[in-house]
>>> print(open('coords_29.cif').read())   # mmCIF, C-alpha atoms
data_coords
#
loop_
_atom_site.label_atom_id
_atom_site.label_comp_id
_atom_site.auth_asym_id
_atom_site.auth_seq_id
_atom_site.Cartn_x
_atom_site.Cartn_y
_atom_site.Cartn_z
CA MET A 1 14.45 35.35 -13.39
CA THR A 2 17.28 34.03 -11.21
CA GLU A 3 16.77 33.43 -7.51
CA ARG A 4 19.14 32.13 -4.85
CA TYR A 5 18.32 29.25 -2.49
CA ASP A 6 20.28 27.08 -0.13
CA ILE A 7 18.50 23.92 -1.29
CA ALA A 8 16.15 23.03 -4.15
CA VAL A 9 13.82 20.09 -3.56
CA VAL A 10 12.28 18.81 -6.79
CA GLY A 11 9.09 16.78 -6.37
CA ALA A 12 6.51 17.49 -3.67
CA GLY A 13 5.42 13.97 -2.90
CA THR A 14 5.79 12.76 0.67
CA SER A 15 9.60 12.59 0.52
CA GLY A 16 9.86 16.08 -1.00
CA ILE A 17 7.41 17.65 1.44
CA VAL A 18 9.32 16.34 4.47
CA ALA A 19 12.71 17.18 2.89
CA ALA A 20 11.61 20.79 2.38
CA LEU A 21 10.16 21.05 5.90
CA ALA A 22 13.28 19.57 7.50
CA ALA A 23 15.62 21.88 5.58
CA ALA A 24 13.56 24.99 6.32
CA ARG A 25 13.31 24.18 10.02
CA ALA A 26 17.10 23.86 10.09
CA GLY A 27 17.39 27.43 8.77
CA ALA A 28 17.80 26.87 5.01
CA ARG A 29 16.05 28.87 2.31
CA VAL A 30 14.28 26.21 0.24
CA ALA A 31 12.80 26.10 -3.26
CA LEU A 32 10.19 23.33 -3.51
CA VAL A 33 9.34 22.49 -7.14
CA GLU A 34 6.23 20.51 -8.07
CA SER A 35 5.29 19.96 -11.70
CA SER A 36 1.63 19.24 -10.98
CA GLY A 37 -0.81 21.57 -9.31
CA ARG A 38 -1.04 19.45 -6.17
CA LEU A 39 1.13 18.49 -3.21
CA GLY A 40 1.33 14.84 -2.15
CA GLY A 41 2.44 12.97 -5.27
CA THR A 42 1.48 9.33 -5.66
CA ALA A 43 0.02 9.25 -2.16
CA ILE A 44 -2.87 11.56 -3.10
CA HIS A 45 -3.50 9.96 -6.49
CA GLY A 46 -2.93 6.37 -5.38
CA LEU A 47 -5.83 6.00 -2.93
CA HIS A 48 -3.57 5.80 0.13
CA ARG A 49 -5.27 5.79 3.53
CA TYR A 50 -2.47 4.39 5.71
CA VAL A 51 1.10 5.49 6.35
CA CYS A 52 3.23 2.36 6.14
CA GLY A 53 6.80 1.94 7.32
CA LEU A 54 6.76 3.99 10.52
CA PHE A 55 7.08 1.13 13.01
CA ARG A 56 8.82 -2.16 13.62
CA THR A 57 6.79 -5.32 13.06
CA GLY A 58 5.21 -7.43 15.78
CA GLY A 59 4.48 -6.62 19.38
CA ALA A 60 1.28 -6.16 21.34
CA GLN A 61 1.34 -2.44 20.58
CA ALA A 62 3.17 -0.16 18.17
CA ASP A 63 6.74 0.62 19.12
CA ALA A 64 8.18 4.13 18.97
CA PRO A 65 8.41 5.38 15.35
CA LEU A 66 11.69 4.65 13.62
CA HIS A 67 12.15 8.04 12.01
CA GLY A 68 13.20 11.61 12.70
CA PRO A 69 11.33 14.56 14.22
CA THR A 70 10.11 16.14 10.98
CA THR A 71 8.63 12.87 9.73
CA ILE A 72 6.97 12.23 13.10
CA SER A 73 5.56 15.76 13.41
CA PHE A 74 4.14 15.67 9.87
CA CYS A 75 2.52 12.28 10.47
CA ARG A 76 1.11 13.46 13.80
CA ARG A 77 -0.45 16.42 12.02
CA LEU A 78 -1.76 14.20 9.24
CA ALA A 79 -3.32 11.59 11.55
CA GLY A 80 -4.46 14.04 14.21
CA GLY A 81 -2.80 12.56 17.27
CA ASP A 82 -0.14 10.39 18.84
CA LEU A 83 1.28 7.88 16.36
CA GLU A 84 1.68 4.92 18.71
CA THR A 85 -1.87 5.38 20.04
CA LEU A 86 -3.49 5.68 16.62
CA ALA A 87 -1.54 2.85 14.95
CA VAL A 88 -3.51 -0.25 13.92
CA ARG A 89 -2.12 -3.73 13.39
CA ARG A 90 -2.67 -5.64 10.15
CA GLY A 91 -1.08 -9.07 10.35
CA ARG A 92 2.51 -8.52 11.47
CA VAL A 93 2.76 -4.83 10.57
CA TRP A 94 1.56 -1.58 12.14
CA LEU A 95 -0.10 1.12 10.04
CA LEU A 96 -1.06 4.72 10.74
CA PRO A 97 -4.55 5.49 9.37
CA PHE A 98 -5.45 8.88 7.93
CA ALA A 99 -8.49 10.20 6.10
CA GLY A 100 -7.20 9.93 2.52
CA GLY A 101 -5.70 11.96 -0.27
CA GLU A 102 -7.57 15.22 0.29
CA THR A 103 -6.53 15.21 3.95
CA LEU A 104 -2.90 14.57 3.01
CA GLU A 105 -2.94 17.36 0.46
CA ALA A 106 -4.49 19.82 2.92
CA CYS A 107 -1.99 18.82 5.59
CA ALA A 108 0.93 19.35 3.20
CA GLU A 109 -0.41 22.72 2.02
CA ALA A 110 -0.79 23.94 5.60
CA ALA A 111 2.62 22.67 6.73
CA ILE A 112 4.41 24.27 3.77
CA ALA A 113 2.50 27.55 4.23
CA ASP A 114 3.66 27.67 7.86
CA GLU A 115 7.33 27.79 6.80
CA SER A 116 8.35 31.23 5.57
CA ARG A 117 11.68 29.86 4.30
CA ILE A 118 9.99 27.65 1.68
CA ARG A 119 9.08 29.05 -1.74
CA LEU A 120 6.75 26.75 -3.65
CA PHE A 121 7.08 26.61 -7.45
CA ARG A 122 3.83 24.95 -8.46
CA GLY A 123 3.09 23.66 -11.97
CA LEU A 124 6.70 24.02 -13.16
CA ARG A 125 9.06 21.30 -14.35
CA PRO A 126 12.86 21.22 -14.21
CA MET A 127 14.23 21.59 -17.73
CA ARG A 128 17.97 21.28 -17.17
CA THR A 129 20.61 21.40 -14.48
CA ILE A 130 23.36 24.01 -14.55
CA GLY A 131 26.89 23.13 -13.53
CA ASP A 132 29.20 20.22 -14.20
CA SER A 133 29.71 16.60 -13.19
CA ASP A 134 31.17 17.68 -9.85
CA ARG A 135 28.60 20.22 -8.68
CA ILE A 136 25.13 21.54 -9.53
CA ALA A 137 25.05 25.33 -9.55
CA GLY A 138 21.41 25.71 -10.50
CA ILE A 139 18.21 24.30 -11.99
CA GLU A 140 16.29 25.93 -14.82
CA LEU A 141 12.51 25.57 -14.74
CA ASP A 142 10.17 25.62 -17.71
CA GLY A 143 8.68 28.94 -16.59
CA GLY A 144 12.02 30.65 -17.16
CA ASN A 145 13.05 30.70 -13.50
CA VAL A 146 16.63 29.73 -12.69
CA LEU A 147 17.26 28.49 -9.16
CA GLN A 148 20.84 29.01 -8.00
CA VAL A 149 21.49 26.46 -5.25
CA ASP A 150 24.10 25.11 -2.88
CA ALA A 151 22.49 21.66 -3.04
CA ALA A 152 19.57 19.86 -4.68
CA ILE A 153 17.42 16.89 -3.67
CA ASP A 154 15.68 14.79 -6.33
CA CYS A 155 12.36 13.61 -4.88
CA THR A 156 10.66 13.00 -8.23
CA GLY A 157 10.32 9.24 -7.66
CA SER A 158 11.99 8.52 -11.00
CA ALA A 159 15.44 10.13 -10.53
CA GLU A 160 14.45 12.77 -13.11
CA VAL A 161 16.87 15.46 -11.91
CA CYS A 162 19.67 12.94 -11.43
CA ARG A 163 19.24 11.84 -15.04
CA MET A 164 19.29 15.46 -16.20
CA ALA A 165 22.59 15.91 -14.39
CA GLY A 166 24.12 12.92 -16.19
CA CYS A 167 23.89 10.44 -13.31
CA GLU A 168 23.50 6.78 -14.20
CA VAL A 169 20.27 5.00 -13.37
CA ALA A 170 19.05 1.41 -13.57
CA TRP A 171 15.65 0.42 -14.94
CA PRO A 172 14.08 -2.78 -13.53
CA ASP A 173 13.93 -5.79 -15.83
CA SER A 174 10.51 -6.76 -14.47
CA PRO A 175 8.97 -3.70 -12.80
CA ALA A 176 6.36 -4.16 -10.11
CA LEU A 177 2.71 -4.14 -11.11
CA ALA A 178 1.24 -0.65 -11.37
CA GLY A 179 -1.96 0.55 -9.72
CA TYR A 180 -5.30 1.81 -11.01
CA GLY A 181 -8.77 1.98 -9.52
CA PHE A 182 -12.13 3.62 -9.01
CA GLU A 183 -14.32 4.71 -6.10
CA VAL A 184 -17.86 3.39 -5.63
CA ARG A 185 -20.78 4.28 -3.36
CA ASN A 186 -24.10 2.73 -2.29
CA VAL A 187 -22.45 -0.65 -1.74
CA ASP A 188 -24.36 -3.17 0.41
CA GLU A 189 -21.45 -4.69 2.29
CA ASN A 190 -23.80 -6.93 4.29
CA ALA A 191 -24.62 -8.84 1.09
CA SER A 192 -20.98 -9.77 0.42
CA GLY A 193 -20.95 -13.03 2.38
CA THR A 194 -19.15 -14.31 5.45
CA PHE A 195 -15.65 -13.11 4.53
CA GLY A 196 -16.56 -9.69 3.15
CA LEU A 197 -15.71 -7.90 -0.07
CA SER A 198 -11.95 -8.30 0.34
CA VAL A 199 -12.45 -12.02 -0.33
CA ALA A 200 -15.63 -11.97 -2.44
CA ILE A 201 -14.26 -9.67 -5.15
CA PRO A 202 -11.13 -11.67 -6.10
CA LEU A 203 -13.10 -14.94 -5.91
CA ARG A 204 -15.74 -13.60 -8.30
CA LEU A 205 -13.11 -12.31 -10.72
CA ARG A 206 -11.20 -15.59 -10.54
CA ARG A 207 -14.18 -17.39 -12.07
CA GLU A 208 -14.06 -15.03 -15.04
CA ILE A 209 -10.29 -15.45 -15.37
CA ASP A 210 -10.54 -19.25 -15.27
CA GLY A 211 -13.09 -18.99 -18.06
CA GLY A 212 -10.70 -16.91 -20.16
CA ARG A 213 -12.88 -13.79 -20.01
CA LEU A 214 -10.45 -11.59 -18.04
CA PRO A 215 -6.63 -11.28 -18.05
CA PRO A 216 -4.96 -13.17 -15.15
CA HIS A 217 -3.56 -10.10 -13.35
CA LEU A 218 -7.10 -8.93 -12.51
CA ALA A 219 -7.18 -11.73 -9.92
CA TYR A 220 -5.13 -9.34 -7.75
CA THR A 221 -7.93 -6.76 -7.63
CA THR A 222 -8.63 -5.63 -4.06
CA TRP A 223 -11.31 -3.81 -2.08
CA GLU A 224 -10.62 -1.00 0.38
CA ALA A 225 -13.51 0.39 2.40
CA GLY A 226 -13.99 4.16 2.40
CA ASN A 227 -14.45 6.54 5.31
CA GLU A 228 -18.25 6.31 5.06
CA ALA A 229 -20.44 3.20 5.12
CA GLY A 230 -21.23 1.87 1.67
CA THR A 231 -18.23 3.53 0.00
CA GLY A 232 -14.88 2.15 -1.04
CA TRP A 233 -12.23 1.73 -3.71
CA ILE A 234 -11.77 -1.14 -6.13
CA LYS A 235 -8.04 -1.31 -6.86
CA LEU A 236 -6.52 -3.04 -9.86
CA ALA A 237 -2.91 -4.22 -10.20
CA LEU A 238 -1.69 -4.39 -13.78
CA PRO A 239 1.53 -4.41 -15.82
CA MET A 240 2.58 -1.03 -17.17
CA SER A 241 2.25 -2.57 -20.64
CA HIS A 242 -1.52 -2.52 -19.99
CA ALA A 243 -1.58 1.17 -19.01
CA LEU A 244 -3.40 2.23 -22.17
CA SER A 245 -6.13 -0.36 -21.60
CA ALA A 246 -6.52 0.25 -17.85
CA ARG A 247 -9.84 2.09 -18.22
CA GLU A 248 -11.27 -0.74 -20.34
CA GLU A 249 -10.06 -3.38 -17.86
CA ALA A 250 -11.62 -1.44 -14.99
CA GLU A 251 -14.91 -1.27 -16.91
CA ALA A 252 -14.76 -5.03 -17.51
CA VAL A 253 -14.27 -5.64 -13.77
CA TRP A 254 -17.15 -3.31 -12.93
CA ASN A 255 -19.51 -4.91 -15.46
CA ILE A 256 -18.96 -8.22 -13.68
CA LEU A 257 -19.15 -6.94 -10.11
CA LYS A 258 -22.28 -4.84 -10.54
CA ARG A 259 -24.27 -8.00 -11.22
CA GLU A 260 -23.56 -9.10 -7.64
CA SER A 261 -26.18 -8.27 -4.99
CA CYS A 262 -23.82 -6.06 -3.00
CA PHE A 263 -23.19 -3.80 -6.04
CA VAL A 264 -26.64 -3.76 -7.69
CA ARG A 265 -27.41 -0.23 -6.49
CA ALA A 266 -23.78 0.96 -6.48
CA ASP A 267 -22.28 3.43 -8.91
CA ILE A 268 -18.83 4.77 -9.71
CA VAL A 269 -18.00 8.12 -8.11
CA ARG A 270 -14.59 8.74 -9.68
CA ARG A 271 -11.64 7.04 -11.33
CA LEU A 272 -7.92 7.56 -11.06
CA SER A 273 -6.75 9.96 -13.73
CA ALA A 274 -3.77 7.77 -14.67
CA VAL A 275 -2.07 4.45 -14.01
CA LEU A 276 0.44 4.82 -11.17
CA PRO A 277 3.73 2.89 -11.46
CA ARG A 278 5.10 1.27 -8.32
CA GLU A 279 8.65 1.13 -9.70
CA THR A 280 10.57 3.23 -12.22
CA ALA A 281 14.27 4.13 -12.43
CA HIS A 282 16.72 3.74 -9.55
CA LEU A 283 19.81 5.85 -9.07
CA LYS A 284 23.12 4.04 -9.43
CA GLY A 285 24.55 5.18 -6.12
CA GLU A 286 27.73 4.87 -4.18
CA ARG A 287 26.03 1.95 -2.41
CA LEU A 288 23.32 -0.45 -3.54
CA LEU A 289 20.73 -1.48 -0.97
CA THR A 290 19.75 -5.11 -1.55
CA GLY A 291 16.95 -7.39 -0.47
CA ALA A 292 19.50 -9.34 1.59
CA ASP A 293 20.35 -6.12 3.47
CA VAL A 294 16.66 -5.62 4.23
CA LEU A 295 15.88 -9.16 5.41
CA GLY A 296 19.17 -9.39 7.31
CA ALA A 297 18.39 -6.16 9.22
CA ARG A 298 21.81 -4.90 8.14
CA LYS A 299 23.32 -1.82 9.78
CA PHE A 300 25.71 0.55 7.99
CA PRO A 301 28.33 2.97 9.37
CA ASP A 302 26.79 5.70 7.18
CA GLY A 303 23.18 4.80 7.93
CA VAL A 304 20.89 7.84 7.65
CA ALA A 305 17.41 6.25 7.82
CA ARG A 306 15.81 3.06 9.09
CA ASN A 307 13.09 0.73 7.88
CA ALA A 308 11.24 -2.36 9.05
CA TRP A 309 8.60 -2.65 6.30
CA PRO A 310 8.70 -6.06 4.60
CA ILE A 311 9.69 -6.69 0.99
CA GLU A 312 6.29 -6.18 -0.65
CA ARG A 313 6.54 -7.48 -4.22
CA TRP A 314 3.77 -7.09 -6.78
CA THR A 315 4.43 -9.41 -9.72
CA GLU A 316 2.41 -10.52 -12.72
CA ASN A 317 2.86 -14.21 -11.89
CA SER A 318 1.88 -14.21 -8.23
CA GLY A 319 0.34 -10.88 -7.28
CA VAL A 320 1.50 -9.53 -3.94
CA SER A 321 3.91 -11.39 -1.64
CA TYR A 322 5.58 -10.35 1.61
CA ARG A 323 8.95 -11.27 3.11
CA TYR A 324 9.44 -9.95 6.60
CA LEU A 325 12.32 -8.85 8.77
CA PRO A 326 12.41 -10.55 12.18
CA ASP A 327 9.92 -8.92 14.55
CA GLY A 328 11.42 -5.96 16.37
CA GLU A 329 14.27 -5.54 13.86
CA CYS A 330 15.03 -2.86 11.30
CA HIS A 331 17.69 -2.19 8.69
CA ASP A 332 19.62 0.95 7.84
CA VAL A 333 19.58 2.86 4.59
CA PRO A 334 23.15 4.09 4.01
CA GLU A 335 23.93 7.62 2.86
CA GLY A 336 25.66 6.16 -0.17
CA CYS A 337 22.26 5.06 -1.54
CA LEU A 338 21.26 8.73 -1.77
CA ARG A 339 24.47 9.84 -3.51
CA PRO A 340 25.11 9.25 -7.24
CA GLN A 341 28.02 7.00 -8.06
CA ASN A 342 29.10 9.35 -10.82
CA GLY A 343 27.52 12.76 -10.55
CA PRO A 344 27.43 16.09 -8.72
CA ARG A 345 28.45 15.85 -5.09
CA ASN A 346 25.76 18.31 -4.02
CA LEU A 347 22.92 16.34 -5.64
CA LEU A 348 21.04 13.75 -3.59
CA CYS A 349 18.16 11.39 -4.34
CA ALA A 350 15.38 10.63 -1.85
CA GLY A 351 12.23 8.54 -1.95
CA ALA A 352 11.46 5.53 -4.12
CA ALA A 353 14.26 6.08 -6.67
CA ILE A 354 17.27 5.73 -4.35
CA SER A 355 19.96 3.18 -5.19
CA ALA A 356 18.30 -0.18 -4.47
CA ASP A 357 17.62 -3.47 -6.19
CA SER A 358 14.01 -4.45 -6.89
CA ASP A 359 13.63 -6.41 -3.64
CA ALA A 360 14.93 -3.57 -1.48
CA ALA A 361 12.90 -1.04 -3.47
CA ALA A 362 9.77 -3.06 -2.64
CA ALA A 363 10.47 -2.42 1.06
CA ILE A 364 11.43 1.27 1.03
CA ARG A 365 8.92 2.84 -1.38
CA VAL A 366 6.12 3.15 1.23
CA MET A 367 5.11 6.57 2.57
CA GLY A 368 6.74 6.46 6.00
CA VAL A 369 10.14 5.41 4.67
CA CYS A 370 10.01 7.91 1.79
CA MET A 371 9.37 10.68 4.32
CA ALA A 372 12.33 9.50 6.39
CA LEU A 373 14.56 9.45 3.30
CA GLY A 374 13.52 13.01 2.50
CA GLU A 375 14.39 14.11 6.02
CA ALA A 376 17.73 12.29 5.83
CA ALA A 377 18.56 13.86 2.46
CA ALA A 378 17.84 17.33 3.86
CA SER A 379 20.27 16.71 6.73
CA VAL A 380 23.00 15.47 4.39
CA ALA A 381 22.41 18.32 1.92
CA LEU A 382 22.62 20.95 4.66
CA ARG A 383 25.86 19.45 5.95
CA GLY A 384 27.33 19.62 2.47
CA ALA A 385 26.04 23.13 1.79
CA PHE A 386 27.57 24.41 5.03
CA SER A 387 30.87 22.71 4.24
CA GLN A 388 30.89 24.31 0.75
CA ARG A 389 30.42 27.80 2.23
CA THR A 390 33.13 27.42 4.85
CA ASN A 391 35.59 26.18 2.21
#
>>> encode(input="coords_29.cif", output="structure tokens")
Amino acid sequence: MTERYDIAVVGAGTSGIVAALAAARAGARVALVESSGRLGGTAIHGLHRYVCGLFRTGGAQADAPLHGPTTISFCRRLAGGDLETLAVRRGRVWLLPFAGGETLEACAEAAIADESRIRLFRGLRPMRTIGDSDRIAGIELDGGNVLQVDAAIDCTGSAEVCRMAGCEVAWPDSPALAGYGFEVRNVDENASGTFGLSVAIPLRLRREIDGGRLPPHLAYTTWEAGNEAGTGWIKLALPMSHALSAREEAEAVWNILKRESCFVRADIVRRLSAVLPRETAHLKGERLLTGADVLGARKFPDGVARNAWPIERWTENSGVSYRYLPDGECHDVPEGCLRPQNGPRNLLCAGAAISADSDAAAAIRVMGVCMALGEAAASVALRGAFSQRTN
């Protein structure tokens, strides 16, 4: 079956959700394609409870959000109030708390359902693009549907549609550590010592690592408290080469921790269904955003989004490290980072897979910036679609 849309958005993670909402609110008829059965992408599977990348760093209170109206309205709906009022400071950065993956998914479902111009294709994957190297004319889905489009936005997080269309991508030489974890309940947090579980857990695991009983990357395991007392998530950081052994490594961590007084009565509620990569392919775009651009708070004539989140690198040798922009500063993301260097002119990339080196990617892959990139891509796509019609 062939259907006609102004824009197809492929991938209903946070960038795709906001891209679809922004395009629909501007009057476009939008096809939103999600291969899984759920909206929210990595953010609902990855144990996220804070929106990062909405605000500049520093200050006695959160500044006005950096991003556009669709991103702000979605985040306000997600968090249940005014963003600046609800923001909490952690070190030098400001975060927007929300109630977790189920809340994000419900918020996305409700927001998409409110827009009559959005048609959701759930549980379907793109199989091929139709057109040539200059222009995409359509996308064929594995259910037999063919979407004829004026423009398409790849929000898959891995440049999947861009690769289908013959666009060049770059794969990182040393990709960031991936994430895995499990939720526990009946934890006695009062028995964790002076500095709490966020310090006690890595210290306990370090003793096992020093004794050669655990692999070194498990020293970067973290604790995140849940919404209810006595609940929380134990999060592992591991190389993708360990993806097949992630369940066993998690069990090894748990077998050690449950001997501690704070976990004696605790039990596992659920585990992540899969290891979640932090970094995959990046589009080779008309421009390349670099770590120097981020730290130098560089502005571009074709800037379409802004960011102030630090370069947050997760590496096997040192775990997580942060390099910050000056307080109160932000950098631009140029439109050229969303456009393929060699590929269809009406195809854009948004979210974590835009054209960026590994340092820059470590700053822009957080939820707030991915939403902003989706909104920016929708604006650029609509401009191009309108131009195509008038010509």
>>> residues_around(input="coords_29.cif", residues="segment 80-85 of chain A", least_positions_apart="4", cutoff="9 Å", atoms="all atoms listed in the file", output="number ranges by chain")
A: 54-55, 61-65, 72, 75-76, 96, 98
>>> residues_near_point(input="coords_29.cif", point="(-24.5, 3.4, -2.8)", cutoff="6 Å", atoms="all atoms listed in the file", output="list in words")
Arg185, Asn186, Val187, Gly230, Arg265 and Ala266 of chain A
>>> atom_distance(input="coords_29.cif", atom1="atom CA of Ala352 of chain A", atom2="atom CA of Ala305 of chain A")
13.4 Å
>>> resolve_selection(input="coords_29.cif", expression="the PyMOL selection byres ((chain A and resi 312) around 12)", output="ChimeraX atom specification")
/A:52-53,93,176-177,278-279,291,294-295,308-311,313-315,318-325,358-366
>>> residues_around(input="coords_29.cif", residues="segment 118-127 of chain A", least_positions_apart="5", cutoff="6 Å", atoms="all atoms listed in the file", output="CSV table (one decimal) with C-alpha atoms, in the coordinates of the input")
chain,number,residue,atom,x,y,z
A,30,VAL,CA,14.3,26.2,0.2
A,31,ALA,CA,12.8,26.1,-3.3
A,32,LEU,CA,10.2,23.3,-3.5
A,33,VAL,CA,9.3,22.5,-7.1
A,34,GLU,CA,6.2,20.5,-8.1
A,35,SER,CA,5.3,20.0,-11.7
A,36,SER,CA,1.6,19.2,-11.0
A,37,GLY,CA,-0.8,21.6,-9.3
A,140,GLU,CA,16.3,25.9,-14.8
A,141,LEU,CA,12.5,25.6,-14.7
A,142,ASP,CA,10.2,25.6,-17.7
>>> residues_around(input="coords_29.cif", residues="Gly351 of chain A", least_positions_apart="6", cutoff="8 Å", atoms="all atoms listed in the file", output="compact mmCIF listing (two decimals) with C-alpha atoms, in the coordinates of the input")
# COMPACT_ATOMS: atom_id res chain seq x y z
CA SER A 15 9.60 12.59 0.52
CA GLY A 16 9.86 16.08 -1.00
CA CYS A 155 12.36 13.61 -4.88
CA THR A 156 10.66 13.00 -8.23
CA GLY A 157 10.32 9.24 -7.66
CA ILE A 364 11.43 1.27 1.03
CA ARG A 365 8.92 2.84 -1.38
CA VAL A 369 10.14 5.41 4.67
CA CYS A 370 10.01 7.91 1.79
CA MET A 371 9.37 10.68 4.32
CA LEU A 373 14.56 9.45 3.30
CA GLY A 374 13.52 13.01 2.50
